[in-house]
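Inspection log for the structure reproduced underneath, given as structure tokens.
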Amino acid sequence: MTTSRHSSGAHPGEVEAPHGLGADEARRRLEAEGPNALREIRGRTAAGMLLDQLRSPFVLLLGGAAGLAFALGERIDAIAIATILGLNAVVGVVQEWRAERSLDALRSMTAPRARVLRDGHAVQLNAAEVVRGDVLLLEAGEVVAADARLLEAHRLSTVEAALTGEALPVPKGIEPVGDDVPLADRSDRVFAGTSVAAGTGRAEVIAIGMQTQLGHIADLLDRSERASTPLDEQLARISRSLLVMCLGIVAVVAATGLARGSSGLDVLLLAVALAVAAVPEGLPAVVTVALAVGVRRMAARNVLVRRLAAVETLGCATVICTDKTGTLTTGQMRVRELWPGGRVRALLEVAAAVSDAELGDGEGTEDSGDPTELALLRAARELGIERSDLEARWPRAGELPFDSERMRMSVVRRVDGGLRIFTKGALSTVSPLCAPAAGAPDVAEARAVEEALATRGLRVLAIASGDGDAEQSLALVGLVGLADPPRASAVEAITAARRAGIRTVMLTGDHETTAIAIADELGLVGPDGQPSSAVYARITPEEKLRIVESLVNDGEIVAMTGDGVNDAPAIHAAHVGIAMGIAGTEVTREAASIVLADDRFASIVEGIREGRAIHDNIRKTVLYLVAGNTAELGVVLVASLAGLPAPLLPIHLLWINLVTDGLPALALGVEPPDQDTMALPPRPPGQPMLGWDGWALVAASALLETSAVLGVYHYALGRLDLATAQTLAFTTLVTSELLRVFAFRSRLRLLPELGVRSNPLLIGVVLLSGLTLAGMTELEQARRVFHLASLSPGLWTLSLSAALIPVSVLELSKLVLRGSTPRAPGLHDPG
């Protein structure tokens with residue numbers, strides 16, 4: 001059935017829209033209003049991204065140390081620090097460059113070509129040449145080139161899931177709908193970037209380019225600010241603390257040196273040594289590698305990470321905001337209920353007979369047709385009913401097609417030498433055509449069943465049949481309830497998230513009844529039947545964005561997941577944006593930090609588990625590195641205040657920071673996750689990475705190492721030459737650092753409880769570093785480069801004995817801590 005109306009016309013007195021615009025008028029409008037394309041929104045340049053990478057307090061601290069070292073002739077130190085900064089900046093720029101492609105992907109959704117009426121004739125042109133007032137010619141399979149109001153519609157429906165979240169194709173008609181109704185309910189319009197599922201139509205263009213709904217989302221995406229990650233903020237806080245501490249110590253030492261009459265050059269050299277000692281130069285590389293290892297682990301769980309920092313941030317999540325269709329649900333319509341139960345085969349046989357869709361054969365032929373009909377055919381196939389068999393047995397003789405006014409369709413077939421009509425549609429339109437028949441369900445009872453099914457969020461179809469070729473005196477065969485069902489894994493994952501203290505919030509453009517019904521099945525509805533703030537239905541992209549921004553402003557760490565274009569702005573604004581890899585649109589994947597390769601919500605929860613483990617490992621490495629740097633500062637500072645010669649040279653400190661500390665820290669970053677990590681609530685968003693207990697451990701460890709190193713150094717100064725005394729201080733500190741890493745694997749558990757072989761990489765790194773240290777003191781060329789001396793076996797024994805003191809005290813102190821902590825040793829231990 002075809003419906004039509006005349007265009008209101010964009011400008012009075014011009015060519016009526018049913019005949020299309022004239023070529024001259026179209027050209028004038030194109031010149032006046034511009035092309036039908038999304039505005040080229042200037043993204044961040046590579047240079048801008050590089051500057052952002054170099055603006056952090058930590059990088060500025062390292063850069064200052066490198067510059068000072070270079071100015072004073074310590075070029076090896078300067079080059080080493082600058083190389084680290086360059087490599088980490090390049091990694092950051094590459095990651096962010098990929099994230100900036102969101103708008104390019106959005107442009108690819110628009111139709112490259114369009115068919116319009118010009119001077120009464122159908123012409124095909126570039127979509128960019130479409131102007132307001134043009135009449136689009138629509139057919140199944142085409143992408144709509146612009147927002148347009150329908151003039152004619154013949155069985156027309158469009159797929160708007162990516163734009164509105166509506167799971168089913170949306171029937172379209174010409175009945176006017178107000179601009180104040182939700183986007184998903186504007187049935188008299190078609191929208192740019194959506195596709196025609198079935199039927200044909202003509203529509204007058206009312207908006208082009210950035211004025212379309214797609215352009216509106218592009219603008220939202222451009223204006224939305226990506227939330228900074230907790231890891232970035234925590235590392236910046238630590239960097240500022242180190243900077244303040246470094247500047248304070250340098251000021252004290254400089255003042256002391258000048259007061260004692262030291263030359264300005266000597267004071268500057270000491271300042272370089274202190275700067276190098278204060279800054280954990282290996283920290284950027286260690287964090288990058290720890291995150292990269294997490295990326296690999298998560299990829300094995302079908303979680304693909306596009307921004308490194310998102311790995312750790314996912315572990316901090318306190319709220320998961322998620323789209324419904326295709327994420328929490330399968331994204332595919334299924335038959336959920338058949339009534340009455342005793343007539344299932346007859347019901348599905350008639351339903352298949354009144355369908356036009358085609359199921360694929362599983363061997364290359366894909367499904368085609370309306371998703372509702374495909375669901376009916378799948379259910380029929382499970383009982384051995386194939387539409388192709390019905391076509392052969394009951395040849396088609398006629399058809400009364402579906403449209404938005406009749407809300408039903410019928411197919412006439414030749415059955416046993418006569419004609420028989422098969423009908424499906426809304427019960428409200430099918431039941432008036434039915435007459436009482438022996439064995440047929442009661443229509444009044446059917447209405448009660450329909451109401452019950454509808455309250456559960458199911459789409460209900462009435463199935464009827466009768467003799468002849470007219471829609472009259474039919475017999476009701478039964479009802480079919482269809483829905484996009486929840487994924488079984490999503491139910492389990494939401495339960496696991498709740499146990500981990502993470503709230504799940506459903507954001508959907510679907511109807512409220514459907515959303516609440518699915519939420520109930522997923523376990524999002526409370527015992528009182530109220531979804532409270534767990535379900536938001538029939539919402540627009542702007543509202544999704546506002547909800548996410550509100551949660552971020554409230555201090556929540558938000559993960560947002562979805563698959564449609566309508567989800568992209570909210571995904572971009574969340575701390576962690578997660579897109580579906582299979583069903584997701586390209587723009588959504590490009591806006592996201594993480595992509596789920598299998599589209600399973602459960603993969604998000606697995607990712608959170610890995611993210612928590614990664615945070616714990618990064619915290620261990622930060623504690624280990626900062627404690628080592630504090631010990632180095634203590635050694636240099638105390639020796640300076642005591643008037644002793646410098647026990648460590650800048651090149652010694654740089655080697656310790658980059659190699660001695662850096663390599664074991666890398667091995668700490670790949671510690672296996674604790675089994676109990678998802679049994680604890682998320683870390684409070686404002687909780688610092690170290691905290692008072694972390695800084696207490698840093699202070700205790702630094703005090704032990706400083707005492708051990710200075711004790712050995714002071715002993716050597718009165719008995720040995722300066723080079724040998726410095727070498728003894730260097731080997732003691734290096735050996736102490738290598739042994740201390742075993743104490744930092746766990747806050748409460750001893751090394752025998754953890755198992756020496758549970759992290760074989762750490763064992764290998766410590767052994768390799770120990771052999772390297774021996775080579776540095778025994779090989780003449782290495783001694784010359786690092787200004788070291790050869791040590792006798794007796795001095796090696798002294799150095800090793802002193803180095804064992806810090807790790808032994810730290811391990812034994814865990815026994816004391818166990819008695820004062822409420823958490824048993826076997827529970828989750830963040831380091």
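The way I read the labels, and the way they are meant: chains A, B, ... in the order of the structure tokens, residue 1 as the first residue of every chain, and ligand 1 as the first ligand shown, with later ones counted on from there.
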List as a compact mmCIF listing (two decimals) with C-alpha atoms, in the first residue's frame the protein and nucleic acid residues near segment 573-582 of chain A, meaning an atom at most 8 Å away when only C-alpha atoms are counted, but skip any in the same chain fewer than 4 places from it.
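Saved the output as selection26.txt:
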```txt
# COMPACT_ATOMS: atom_id res chain seq x y z
CA SER A 224 33.14 16.06 24.43
CA GLU A 225 36.26 16.04 26.61
CA ARG A 226 37.95 12.72 27.33
CA ALA A 227 38.31 12.31 31.08
CA SER A 228 41.89 12.09 32.34
CA THR A 229 42.82 8.67 33.64
CA ALA A 310 43.01 2.53 29.56
CA THR A 313 41.93 2.69 34.25
CA LEU A 314 39.52 -0.15 33.52
CA THR A 327 25.94 -5.56 24.33
CA LEU A 545 26.64 12.15 27.23
CA VAL A 548 28.34 10.01 31.72
CA GLU A 549 29.67 13.53 32.36
CA VAL A 552 32.53 11.68 36.05
CA ILE A 557 35.46 6.19 37.37
CA VAL A 558 33.22 5.50 34.38
CA ALA A 559 33.50 2.83 31.71
CA MET A 560 31.03 3.39 28.85
CA THR A 561 30.28 0.71 26.30
CA GLY A 562 28.15 0.64 23.17
CA ASP A 563 28.01 -0.15 19.48
CA PRO A 569 30.05 10.94 22.32
CA THR A 588 32.32 3.94 17.83
CA ARG A 589 35.40 1.76 17.61
CA ALA A 591 36.14 6.84 19.66
CA ALA A 592 36.81 4.03 22.14
CA SER A 593 39.92 3.21 24.15
CA ILE A 594 39.07 -0.49 24.21
CA VAL A 595 37.34 -2.75 21.66
CA LEU A 596 35.67 -6.06 22.55
CA ALA A 597 36.57 -8.52 19.81
CA ASP A 598 33.73 -10.88 20.79
CA ASP A 599 31.06 -8.26 21.72
```
Could you name the residues that touch segment 128-141 of chain A at 9 Å or less, counting only C-alpha atoms, but leaving out those on the same chain fewer than 5 positions away, as a ChimeraX atom specification? /A:7,9-11,17-21,26-27,29-30,33-37,111-118,122,146,148,151,156-158,195-209
Taking the DSSP secondary structure from the backbone, can you list the residues of segment 164-277 of chain A that are alpha helix (DSSP H), as number ranges by chain? A: 164, 213-223, 230-259, 264-277
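The closest residue to Gly468 of chain A, picked from A:Val415, A:Val698, A:Val565, A:Val670 and counting only C-alpha atoms, is A:Val415.
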If we count only C-alpha atoms, what is near Arg334 of chain A at a cut-off of 12 Å, once residues fewer than 4 positions away on the same chain are taken out, given as a PyMOL selection string? chain A and resi 167-168+329-330+338+371-380+458-460+480-487
Let's have the selection written as a compact mmCIF listing (two decimals), in the first residue's frame, with C-alpha atoms.
```
# COMPACT_ATOMS: atom_id res chain seq x y z
CA ALA A 167 16.87 -2.96 17.73
CA LEU A 168 14.18 -3.54 15.09
CA THR A 329 21.61 -8.65 24.60
CA THR A 330 22.49 -10.85 21.63
CA LEU A 338 4.71 -19.43 21.84
CA PRO A 371 14.76 -9.50 11.55
CA THR A 372 11.35 -10.47 12.98
CA GLU A 373 10.69 -12.88 10.11
CA LEU A 374 14.21 -14.28 10.40
CA ALA A 375 13.50 -15.03 14.08
CA LEU A 376 10.30 -16.87 13.11
CA LEU A 377 12.13 -18.88 10.46
CA ARG A 378 14.91 -19.82 12.91
CA ALA A 379 12.36 -21.11 15.40
CA ALA A 380 10.60 -23.02 12.60
CA LEU A 458 8.22 -8.87 24.21
CA ARG A 459 6.99 -7.90 20.78
CA VAL A 460 3.79 -9.90 20.23
CA VAL A 480 4.40 -15.40 19.19
CA GLY A 481 6.45 -13.36 21.66
CA LEU A 482 9.78 -12.09 20.31
CA ALA A 483 12.64 -10.18 21.85
CA ASP A 484 16.33 -9.60 21.64
CA PRO A 485 17.29 -11.85 24.59
CA PRO A 486 19.98 -11.13 27.20
CA ARG A 487 23.32 -12.80 26.76
```
Residues of segment 451-647 of chain A in strand (DSSP E), written as a VMD selection string: chain A and resid 459 to 467 475 to 483 503 to 507 535 to 536 558 to 562 576 to 580 594 to 596
Just want the 9 Å neighbourhood of Pro401 of chain A, counted on only C-alpha atoms, with same-chain residues fewer than 6 positions away dropped. Output as a list of chain:residue names.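 My list of contacting residues is A:Met1, A:Arg155, A:Arg408, A:Met409, A:Ser410, A:Val411.
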Keeping N, CA and C atoms, export the residues of the selection given above as a PDB file, in the first residue's frame.
```pdb
ATOM      1  N   MET A   1       0.851  -1.199   0.000  1.00  0.00           N
ATOM      2  CA  MET A   1       0.000   0.000   0.000  1.00  0.00           C
ATOM      3  C   MET A   1       0.882   1.243   0.000  1.00  0.00           C
ATOM      4  N   ARG A 155       5.650   0.145   2.159  1.00  0.00           N
ATOM      5  CA  ARG A 155       6.249  -0.894   3.011  1.00  0.00           C
ATOM      6  C   ARG A 155       7.658  -0.498   3.448  1.00  0.00           C
ATOM      7  N   ARG A 408      -0.239  -5.316   9.628  1.00  0.00           N
ATOM      8  CA  ARG A 408      -0.307  -6.766   9.402  1.00  0.00           C
ATOM      9  C   ARG A 408       0.031  -7.038   7.945  1.00  0.00           C
ATOM     10  N   MET A 409       0.303  -8.323   7.641  1.00  0.00           N
ATOM     11  CA  MET A 409       0.499  -8.736   6.262  1.00  0.00           C
ATOM     12  C   MET A 409      -0.127 -10.117   6.075  1.00  0.00           C
ATOM     13  N   SER A 410      -0.489 -10.425   4.852  1.00  0.00           N
ATOM     14  CA  SER A 410      -1.089 -11.722   4.543  1.00  0.00           C
ATOM     15  C   SER A 410      -0.495 -12.277   3.264  1.00  0.00           C
ATOM     16  N   VAL A 411      -0.415 -13.591   3.186  1.00  0.00           N
ATOM     17  CA  VAL A 411       0.036 -14.285   1.987  1.00  0.00           C
ATOM     18  C   VAL A 411      -1.018 -15.328   1.632  1.00  0.00           C
TER      19      VAL A 411
END
```
Find the residues near Ala723 of chain A: any atom within 8 Å, counting only C-alpha atoms, skip ones fewer than 6 places away on the same chain, and give them as a count of residues only. 3
